[in-house]
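K.L.:
Let me give you the structure first, and then I'll get to my questions.
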Amino acid sequence: AEQGLAGGGAGAGAGAGSGGAGETLASVGSPTAASEAEPRPAELSVGTPVELLVEAVDVDGRVDEQMYTCVLLEALAVPGRPPVRVEGLGLLKVAAGVGRTTLQSIQAGLVQLALQDGAACDPPLSVVAPPPPLSLRFVSGPPVRTVLSVTESASAVAGGAITVQVAIIDEHGNPVAAIDDGEAVLGLQPAAAPAPASVGSEAANGPPAGLEGLGSVPIRGGVGEVSLSSQRACDYVVAVTGLSGFAEAVTMLTNATSRKLGASAAGSVALRFTPGAPAEASITLAPKTKCVAGRPTTLHVHLVDACGNLLLDSGQSAGLYSPLTFTGRTVENGEEVERSYPISLVDGHGAVVLSSESASTPMMCWLAVRDGAVLLPRTGS
């Protein structure tokens, strides 16, 4: 028995070796010395139905009209390739030597079809040796839009990196493998300024906002990757702002294309960079603040991570300031006096209120870390 894959409409009824009018995409049978090389997989478009024709032929290549059986058509696992879902597989009836089914897949990829004869059924209907697997390759359609996704997590600690994948896909979501020399340009989404992360703190006092790694990303096989990093702990929205290297790139990101799709053809993804562990403590005096004798003066105590992002003592980060002690030293009545002051929390940051009756005697202030803490304080005065 030989099996052939015929494409076309209902009139395509010829299998391999039968000499019919249908287009034979591939045929399988006993290999000969002249055909030991593995045949090239037949290429089929995703989303397009194709007819699979199974014929039972005799040694002269004639269809055996006396053959009535049931065969099992299944997809084999291809090593190193993701599975492809194909419609039309399963049990197939062969009547008068001919069986037909319609195959279709919306996933691009390589498929190997195996045919088991009715002898696998109970009771067995016939005993015919199974042919070698038949290889098919479902290929992606034309590109319609872009997609941005993260390979692992959309969140990272400030100073770390997030890997973003850029894919140019067809209407079924398959990367367009034919785009092998393309380019996508990534930028921050227009009118979406970076916002401080909810677990971060004051945007005005941290490192400058900005994503490193934005710009051109090479596209090979419809896919590209880039690593993005930020010193600032904040949220970003990254989007595809430009395309080149293939015919559809000229119009893909236009408003007309987005209206046709009912959504933007420019992919985007939200990224979050969060503050790291406390790395430094500091004492600051608010700008334009004057220390007046006899009046309370508020000093601000800040914790920052290794990148300089201010840290809040709230929520899951409650207790960040507990390892710190605030000490002040001054001269009173000709003697040095050293006192510890409580650190209160104001909007998630530390604050210490001091006062002195002397208008001429300086006061030295510093932070200390309790035993067991790993924070390295920075002294101030």
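Letters A, B, ... mark the chains of the structure tokens in the order given; residue numbers begin at 1 per chain; ligand numbers begin at 1, in order shown.
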Do you know which residues are at most 9 Å from segment 160-176 of chain A counting only C-alpha atoms, after dropping those on the same chain fewer than 5 positions away, and could you put them as a VMD selection string?

P.N.:
chain A and resid 46 to 47 106 to 108 139 to 155 184 217 219 221 to 231 240 267 269 271 273

K.L.:
For Ala114 of chain A, which residue out of A:Val71, A:Ser340, A:Leu211, A:Thr257 is the nearest one, using only C-alpha atoms?

P.N.:
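So, comparing all the options, the nearest one is A:Val71.
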
K.L.:
If you measure from atom CA of Leu367 of chain A to atom CA of Leu324 of chain A, what distance in Å do you get, rounded to one decimal?

P.N.:
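Result for atom CA of Leu367 of chain A versus atom CA of Leu324 of chain A: 6.5 Å, one decimal.
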
K.L.:
Identify, on the basis of only C-alpha atoms, every residue whose closest approach to Val78 of chain A does not exceed 10 Å; exclude the query and any residue fewer than 6 positions from it along the same chain; express the result as a count of residues only.

P.N.:
6

K.L.:
Smallest atom-to-atom distance to Leu312 of chain A: which of A:Gly97, A:Gly88, A:Pro342, A:Pro275, using only C-alpha atoms?

P.N.:
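Once distances to Leu312 of chain A are computed over only C-alpha atoms, the minimum belongs to A:Pro275.
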
K.L.:
Determine which residues of segment 29-124 of chain A receive a DSSP assignment of strand (DSSP E or B), computed from the backbone, and state them as an MDAnalysis selection string.

P.N.:
chainID A and resid 42:45 50:55 57 63 69:76 87 90:95 98:104 109:116

K.L.:
By how many Å are atom CA of Glu43 of chain A and atom CA of Asp60 of chain A apart?

P.N.:
29.3 Å
